[in-house]
$ cat entry08.json   # JSON, N, CA and C atoms
[["chain", "number", "residue", "atom", "x", "y", "z"],
["A", 83, "MET", "N", -107.38, -124.76, 108.20],
["A", 83, "MET", "CA", -106.77, -126.05, 108.43],
["A", 83, "MET", "C", -107.87, -127.03, 108.84],
["A", 84, "ARG", "N", -107.70, -128.27, 108.44],
["A", 84, "ARG", "CA", -108.63, -129.33, 108.85],
["A", 84, "ARG", "C", -107.90, -130.35, 109.70],
["A", 85, "GLY", "N", -108.65, -131.02, 110.57],
["A", 85, "GLY", "CA", -108.08, -132.04, 111.43],
["A", 85, "GLY", "C", -109.18, -132.78, 112.15],
["A", 86, "SER", "N", -108.80, -133.53, 113.18],
["A", 86, "SER", "CA", -109.78, -134.26, 113.97],
["A", 86, "SER", "C", -109.41, -134.20, 115.45],
["A", 87, "ILE", "N", -110.42, -134.30, 116.29],
["A", 87, "ILE", "CA", -110.24, -134.26, 117.74],
["A", 87, "ILE", "C", -109.50, -135.52, 118.17],
["A", 88, "THR", "N", -108.37, -135.34, 118.90],
["A", 88, "THR", "CA", -107.59, -136.48, 119.37],
["A", 88, "THR", "C", -107.72, -136.69, 120.87],
["A", 89, "ARG", "N", -107.86, -135.59, 121.61],
["A", 89, "ARG", "CA", -108.04, -135.67, 123.07],
["A", 89, "ARG", "C", -109.09, -134.64, 123.44],
["A", 90, "LEU", "N", -109.91, -134.98, 124.44],
["A", 90, "LEU", "CA", -111.01, -134.10, 124.81],
["A", 90, "LEU", "C", -111.34, -134.27, 126.29],
["A", 91, "ASN", "N", -111.43, -133.14, 126.99],
["A", 91, "ASN", "CA", -111.83, -133.14, 128.39],
["A", 91, "ASN", "C", -113.01, -132.18, 128.51],
["A", 92, "LYS", "N", -114.21, -132.73, 128.44],
["A", 92, "LYS", "CA", -115.42, -131.89, 128.47],
["A", 92, "LYS", "C", -115.59, -131.18, 129.81],
["A", 93, "LYS", "N", -115.16, -131.81, 130.90],
["A", 93, "LYS", "CA", -115.29, -131.18, 132.21],
["A", 93, "LYS", "C", -114.43, -129.94, 132.34],
["A", 94, "LEU", "N", -113.21, -129.99, 131.80],
["A", 94, "LEU", "CA", -112.31, -128.84, 131.85],
["A", 94, "LEU", "C", -112.54, -127.88, 130.67],
["A", 95, "GLY", "N", -113.25, -128.36, 129.64],
["A", 95, "GLY", "CA", -113.54, -127.53, 128.49],
["A", 95, "GLY", "C", -112.36, -127.30, 127.57],
["A", 96, "CYS", "N", -111.60, -128.37, 127.32],
["A", 96, "CYS", "CA", -110.44, -128.23, 126.45],
["A", 96, "CYS", "C", -110.13, -129.55, 125.75],
["A", 97, "GLY", "N", -109.23, -129.47, 124.77],
["A", 97, "GLY", "CA", -108.84, -130.67, 124.06],
["A", 97, "GLY", "C", -107.75, -130.37, 123.05],
["A", 98, "PHE", "N", -107.49, -131.35, 122.18],
["A", 98, "PHE", "CA", -106.46, -131.23, 121.17],
["A", 98, "PHE", "C", -106.98, -131.71, 119.82],
["A", 99, "ILE", "N", -106.46, -131.09, 118.78],
["A", 99, "ILE", "CA", -106.81, -131.43, 117.41],
["A", 99, "ILE", "C", -105.53, -131.83, 116.69],
["A", 100, "LEU", "N", -105.57, -132.95, 115.97],
["A", 100, "LEU", "CA", -104.46, -133.34, 115.12],
["A", 100, "LEU", "C", -104.77, -132.85, 113.71],
["A", 101, "GLY", "N", -103.94, -131.93, 113.21],
["A", 101, "GLY", "CA", -104.15, -131.35, 111.90],
["A", 101, "GLY", "C", -103.68, -132.24, 110.78],
["A", 102, "GLU", "N", -104.11, -131.93, 109.57],
["A", 102, "GLU", "CA", -103.69, -132.67, 108.38],
["A", 102, "GLU", "C", -102.17, -132.61, 108.19],
["A", 103, "ASP", "N", -101.55, -131.58, 108.76],
["A", 103, "ASP", "CA", -100.10, -131.42, 108.63],
["A", 103, "ASP", "C", -99.33, -132.24, 109.68],
["A", 104, "GLY", "N", -100.05, -132.96, 110.55],
["A", 104, "GLY", "CA", -99.42, -133.79, 111.57],
["A", 104, "GLY", "C", -99.12, -133.07, 112.87],
["A", 105, "CYS", "N", -99.43, -131.78, 112.95],
["A", 105, "CYS", "CA", -99.20, -131.00, 114.18],
["A", 105, "CYS", "C", -100.45, -131.01, 115.05],
["A", 106, "GLU", "N", -100.23, -131.02, 116.35],
["A", 106, "GLU", "CA", -101.35, -131.04, 117.29],
["A", 106, "GLU", "C", -101.52, -129.64, 117.89],
["A", 107, "ALA", "N", -102.75, -129.15, 117.88],
["A", 107, "ALA", "CA", -103.08, -127.83, 118.42],
["A", 107, "ALA", "C", -104.08, -127.99, 119.55],
["A", 108, "SER", "N", -103.92, -127.19, 120.60],
["A", 108, "SER", "CA", -104.85, -127.23, 121.73],
["A", 108, "SER", "C", -105.99, -126.24, 121.49],
["A", 109, "PHE", "N", -107.12, -126.52, 122.13],
["A", 109, "PHE", "CA", -108.25, -125.59, 122.08],
["A", 109, "PHE", "C", -108.96, -125.59, 123.42],
["A", 110, "ASP", "N", -109.76, -124.54, 123.65],
["A", 110, "ASP", "CA", -110.60, -124.47, 124.85],
["A", 110, "ASP", "C", -111.97, -123.91, 124.44],
["A", 111, "LEU", "N", -112.81, -123.68, 125.41],
["A", 111, "LEU", "CA", -114.17, -123.22, 125.11],
["A", 111, "LEU", "C", -114.20, -121.94, 124.28],
["A", 112, "SER", "N", -113.25, -121.05, 124.52],
["A", 112, "SER", "CA", -113.23, -119.79, 123.78],
["A", 112, "SER", "C", -112.85, -119.98, 122.32],
["A", 113, "SER", "N", -112.32, -121.15, 121.97],
["A", 113, "SER", "CA", -111.92, -121.45, 120.60],
["A", 113, "SER", "C", -113.08, -121.95, 119.74],
["A", 114, "LEU", "N", -114.15, -122.38, 120.37],
["A", 114, "LEU", "CA", -115.27, -122.99, 119.64],
["A", 114, "LEU", "C", -116.15, -121.94, 119.00],
["A", 115, "GLU", "N", -116.52, -122.19, 117.76],
["A", 115, "GLU", "CA", -117.33, -121.24, 116.99],
["A", 115, "GLU", "C", -118.70, -121.84, 116.68],
["A", 116, "GLY", "N", -119.69, -121.42, 117.45],
["A", 116, "GLY", "CA", -121.07, -121.85, 117.18],
["A", 116, "GLY", "C", -121.37, -123.28, 117.55],
["A", 117, "ILE", "N", -120.54, -123.91, 118.37],
["A", 117, "ILE", "CA", -120.80, -125.28, 118.82],
["A", 117, "ILE", "C", -120.57, -125.39, 120.32],
["A", 118, "ASP", "N", -121.22, -126.35, 120.92],
["A", 118, "ASP", "CA", -121.05, -126.64, 122.34],
["A", 118, "ASP", "C", -120.05, -127.78, 122.45],
["A", 119, "ILE", "N", -119.20, -127.75, 123.45],
["A", 119, "ILE", "CA", -118.19, -128.79, 123.61],
["A", 119, "ILE", "C", -118.82, -130.17, 123.76],
["A", 120, "ARG", "N", -120.06, -130.22, 124.23],
["A", 120, "ARG", "CA", -120.76, -131.51, 124.38],
["A", 120, "ARG", "C", -121.03, -132.16, 123.04],
["A", 121, "ALA", "N", -120.98, -131.38, 121.95],
["A", 121, "ALA", "CA", -121.21, -131.93, 120.61],
["A", 121, "ALA", "C", -119.95, -132.55, 120.02],
["A", 122, "LEU", "N", -118.80, -132.36, 120.69],
["A", 122, "LEU", "CA", -117.54, -132.89, 120.20],
["A", 122, "LEU", "C", -117.27, -134.29, 120.74],
["A", 123, "SER", "N", -116.49, -135.06, 119.99],
["A", 123, "SER", "CA", -116.07, -136.38, 120.43],
["A", 123, "SER", "C", -114.75, -136.71, 119.74],
["A", 124, "ILE", "N", -114.04, -137.69, 120.26],
["A", 124, "ILE", "CA", -112.79, -138.13, 119.67],
["A", 124, "ILE", "C", -113.06, -138.58, 118.23],
["A", 125, "GLY", "N", -112.23, -138.10, 117.31],
["A", 125, "GLY", "CA", -112.37, -138.46, 115.90],
["A", 125, "GLY", "C", -113.23, -137.51, 115.10],
["A", 126, "LYS", "N", -113.94, -136.60, 115.76],
["A", 126, "LYS", "CA", -114.81, -135.65, 115.06],
["A", 126, "LYS", "C", -113.96, -134.76, 114.15],
["A", 127, "ALA", "N", -114.37, -134.62, 112.89],
["A", 127, "ALA", "CA", -113.66, -133.78, 111.93],
["A", 127, "ALA", "C", -113.99, -132.31, 112.18],
["A", 128, "VAL", "N", -112.96, -131.47, 112.20],
["A", 128, "VAL", "CA", -113.14, -130.05, 112.45],
["A", 128, "VAL", "C", -112.28, -129.22, 111.48],
["A", 129, "GLU", "N", -112.66, -127.97, 111.39],
["A", 129, "GLU", "CA", -111.90, -126.98, 110.64],
["A", 129, "GLU", "C", -111.53, -125.89, 111.64],
["A", 130, "TYR", "N", -110.32, -125.33, 111.53],
["A", 130, "TYR", "CA", -109.88, -124.35, 112.53],
["A", 130, "TYR", "C", -108.76, -123.48, 111.97],
["A", 131, "GLN", "N", -108.45, -122.44, 112.71],
["A", 131, "GLN", "CA", -107.33, -121.55, 112.38],
["A", 131, "GLN", "C", -106.22, -121.80, 113.38],
["A", 132, "GLU", "N", -104.99, -121.94, 112.90],
["A", 132, "GLU", "CA", -103.84, -122.15, 113.79],
["A", 132, "GLU", "C", -103.20, -120.82, 114.17],
["A", 133, "HIS", "N", -102.74, -120.73, 115.40],
["A", 133, "HIS", "CA", -101.91, -119.61, 115.83],
["A", 133, "HIS", "C", -101.12, -120.04, 117.06],
["A", 134, "PHE", "N", -100.07, -119.31, 117.37],
["A", 134, "PHE", "CA", -99.26, -119.65, 118.54],
["A", 134, "PHE", "C", -99.69, -118.80, 119.72],
["A", 135, "GLY", "N", -99.82, -119.45, 120.86],
["A", 135, "GLY", "CA", -100.21, -118.76, 122.09],
["A", 135, "GLY", "C", -99.61, -119.47, 123.28],
["A", 136, "HIS", "N", -99.00, -118.74, 124.18],
["A", 136, "HIS", "CA", -98.40, -119.32, 125.39],
["A", 136, "HIS", "C", -97.46, -120.47, 125.05],
["A", 137, "GLU", "N", -96.60, -120.24, 124.04],
["A", 137, "GLU", "CA", -95.56, -121.20, 123.65],
["A", 137, "GLU", "C", -96.08, -122.52, 123.11],
["A", 138, "ARG", "N", -97.30, -122.56, 122.63],
["A", 138, "ARG", "CA", -97.83, -123.80, 122.04],
["A", 138, "ARG", "C", -98.78, -123.44, 120.91],
["A", 139, "LEU", "N", -98.95, -124.39, 120.01],
["A", 139, "LEU", "CA", -99.86, -124.21, 118.88],
["A", 139, "LEU", "C", -101.29, -124.27, 119.38],
["A", 140, "ARG", "N", -102.07, -123.26, 119.02],
["A", 140, "ARG", "CA", -103.47, -123.18, 119.46],
["A", 140, "ARG", "C", -104.40, -123.24, 118.25],
["A", 141, "ALA", "N", -105.58, -123.74, 118.48],
["A", 141, "ALA", "CA", -106.63, -123.77, 117.46],
["A", 141, "ALA", "C", -107.67, -122.72, 117.81],
["A", 142, "GLY", "N", -108.05, -121.91, 116.84],
["A", 142, "GLY", "CA", -109.10, -120.92, 117.04],
["A", 142, "GLY", "C", -110.17, -121.11, 115.99],
["A", 143, "SER", "N", -111.33, -120.53, 116.22],
["A", 143, "SER", "CA", -112.46, -120.62, 115.27],
["A", 143, "SER", "C", -112.76, -122.07, 114.88],
["A", 144, "VAL", "N", -112.82, -122.95, 115.88],
["A", 144, "VAL", "CA", -113.05, -124.38, 115.65],
["A", 144, "VAL", "C", -114.51, -124.61, 115.26],
["A", 145, "ARG", "N", -114.70, -125.28, 114.11],
["A", 145, "ARG", "CA", -116.04, -125.62, 113.61],
["A", 145, "ARG", "C", -116.07, -127.09, 113.18],
["A", 146, "VAL", "N", -117.17, -127.76, 113.45],
["A", 146, "VAL", "CA", -117.35, -129.15, 113.03],
["A", 146, "VAL", "C", -117.62, -129.19, 111.53],
["A", 147, "ILE", "N", -117.00, -130.16, 110.85],
["A", 147, "ILE", "CA", -117.28, -130.39, 109.43],
["A", 147, "ILE", "C", -117.64, -131.85, 109.23],
["A", 148, "GLY", "N", -118.51, -132.14, 108.30],
["A", 148, "GLY", "CA", -118.87, -133.52, 108.01],
["A", 148, "GLY", "C", -119.36, -134.27, 109.23],
["A", 149, "SER", "N", -119.27, -135.60, 109.13],
["A", 149, "SER", "CA", -119.75, -136.45, 110.22],
["A", 149, "SER", "C", -118.65, -136.87, 111.17],
["A", 150, "GLY", "N", -117.37, -136.69, 110.75],
["A", 150, "GLY", "CA", -116.27, -137.12, 111.59],
["A", 150, "GLY", "C", -116.03, -138.60, 111.56],
["A", 151, "ILE", "N", -116.69, -139.31, 110.63],
["A", 151, "ILE", "CA", -116.53, -140.76, 110.52],
["A", 151, "ILE", "C", -115.54, -141.05, 109.41],
["A", 152, "ASN", "N", -114.56, -141.87, 109.70],
["A", 152, "ASN", "CA", -113.61, -142.30, 108.69],
["A", 152, "ASN", "C", -114.24, -143.44, 107.92],
["A", 153, "PRO", "N", -114.51, -143.25, 106.60],
["A", 153, "PRO", "CA", -115.20, -144.30, 105.84],
["A", 153, "PRO", "C", -114.44, -145.62, 105.82],
["A", 154, "ARG", "N", -113.12, -145.58, 105.95],
["A", 154, "ARG", "CA", -112.34, -146.82, 105.96],
["A", 154, "ARG", "C", -112.56, -147.61, 107.24],
["A", 155, "GLU", "N", -113.04, -146.95, 108.30],
["A", 155, "GLU", "CA", -113.25, -147.65, 109.56],
["A", 155, "GLU", "C", -114.72, -148.01, 109.78],
["A", 156, "THR", "N", -115.58, -147.58, 108.87],
["A", 156, "THR", "CA", -117.00, -147.89, 109.00],
["A", 156, "THR", "C", -117.24, -149.35, 108.66],
["A", 157, "ARG", "N", -117.94, -150.05, 109.52],
["A", 157, "ARG", "CA", -118.24, -151.46, 109.29],
["A", 157, "ARG", "C", -119.73, -151.62, 108.98],
["A", 158, "PHE", "N", -119.98, -152.37, 107.94],
["A", 158, "PHE", "CA", -121.36, -152.65, 107.55],
["A", 158, "PHE", "C", -121.64, -154.12, 107.80],
["A", 159, "PRO", "N", -122.87, -154.46, 108.19],
["A", 159, "PRO", "CA", -123.21, -155.88, 108.38],
["A", 159, "PRO", "C", -123.15, -156.63, 107.07],
["A", 160, "HIS", "N", -122.73, -157.87, 107.12],
["A", 160, "HIS", "CA", -122.63, -158.70, 105.91],
["A", 160, "HIS", "C", -123.96, -159.28, 105.54]]

$ encode --input "entry08.json" --output "structure tokens"
Amino acid sequence: MRGSITRLNKKLGCGFILGEDGCEASFDLSSLEGIDIRALSIGKAVEYQEHFGHERLRAGSVRVIGSGINPRETRFPH
């Protein structure tokens, strides 16, 4: 599944991802695959595996993909 980071708390080591399907999944440090939470930011594009845990949708095997920049929101100088 692909999505983007919608909420992030680096101090607590957790956050949420909004998937392409419109569902939001939570993640924590144990969900990250080969990345440090300090490398994440709101809007960053990620790929992950969904599963249910503790009565909520969880993201596992979270990996950064691309630059996380929405080309429609990129502004270039005139």

$ residues_around --input "entry08.json" --residues "region 137-142 of chain A" --least-positions-apart "5" --cutoff "6 Å" --atoms "only C-alpha atoms" --output "mmCIF file with N, CA and C atoms, in the frame of the given file"
data_model
loop_
_atom_site.group_PDB
_atom_site.id
_atom_site.type_symbol
_atom_site.label_atom_id
_atom_site.label_comp_id
_atom_site.auth_asym_id
_atom_site.auth_seq_id
_atom_site.Cartn_x
_atom_site.Cartn_y
_atom_site.Cartn_z
ATOM 1 N N ALA A 107 -102.750 -129.150 117.880
ATOM 2 C CA ALA A 107 -103.080 -127.830 118.420
ATOM 3 C C ALA A 107 -104.080 -127.990 119.550
ATOM 4 N N SER A 108 -103.920 -127.190 120.600
ATOM 5 C CA SER A 108 -104.850 -127.230 121.730
ATOM 6 C C SER A 108 -105.990 -126.240 121.490
ATOM 7 N N PHE A 109 -107.120 -126.520 122.130
ATOM 8 C CA PHE A 109 -108.250 -125.590 122.080
ATOM 9 C C PHE A 109 -108.960 -125.590 123.420
ATOM 10 N N SER A 113 -112.320 -121.150 121.970
ATOM 11 C CA SER A 113 -111.920 -121.450 120.600
ATOM 12 C C SER A 113 -113.080 -121.950 119.740
ATOM 13 N N TYR A 130 -110.320 -125.330 111.530
ATOM 14 C CA TYR A 130 -109.880 -124.350 112.530
ATOM 15 C C TYR A 130 -108.760 -123.480 111.970
ATOM 16 N N GLN A 131 -108.450 -122.440 112.710
ATOM 17 C CA GLN A 131 -107.330 -121.550 112.380
ATOM 18 C C GLN A 131 -106.220 -121.800 113.380
ATOM 19 N N GLU A 132 -104.990 -121.940 112.900
ATOM 20 C CA GLU A 132 -103.840 -122.150 113.790
ATOM 21 C C GLU A 132 -103.200 -120.820 114.170
#

$ atom_distance --input "entry08.json" --atom1 "CA of Leu94 (chain A)" --atom2 "atom N of Glu115 (chain A)"
16.1 Å

$ closest_residue --input "entry08.json" --among "A:Asp118, A:Gly104, A:Lys93, A:Val128" --to "Val146 (chain A)" --atoms "only N, CA and C atoms"
A:Val128

$ closest_residue --input "entry08.json" --among "A:Leu111, A:Ile147, A:Ile87, A:Cys96" --to "Ser123 (chain A)" --atoms "all atoms listed in the file"
A:Ile87

$ closest_residue --input "entry08.json" --among "A:Gly148, A:Phe98, A:Ser143, A:Gly85" --to "Gly116 (chain A)" --atoms "all atoms listed in the file"
A:Ser143

$ closest_residue --input "entry08.json" --among "A:Met83, A:Ile99, A:Cys105, A:Leu90" --to "Glu129 (chain A)" --atoms "all atoms listed in the file"
A:Met83

$ select_by_dssp --input "entry08.json" --residues "chain A" --states "helix (DSSP H, G or I)" --output "PyMOL selection string"
chain A and resi 111-113+119-121+153-155

$ closest_residue --input "entry08.json" --among "A:Leu100, A:Gly135, A:Val144, A:Ser86" --to "Ser112 (chain A)" --atoms "only C-alpha atoms"
A:Val144

$ atom_distance --input "entry08.json" --atom1 "atom N of Arg145 (chain A)" --atom2 "atom C of Asp110 (chain A)"
10.8 Å

$ atom_distance --input "entry08.json" --atom1 "atom C of Leu122 (chain A)" --atom2 "CA of Lys92 (chain A)"
8.3 Å
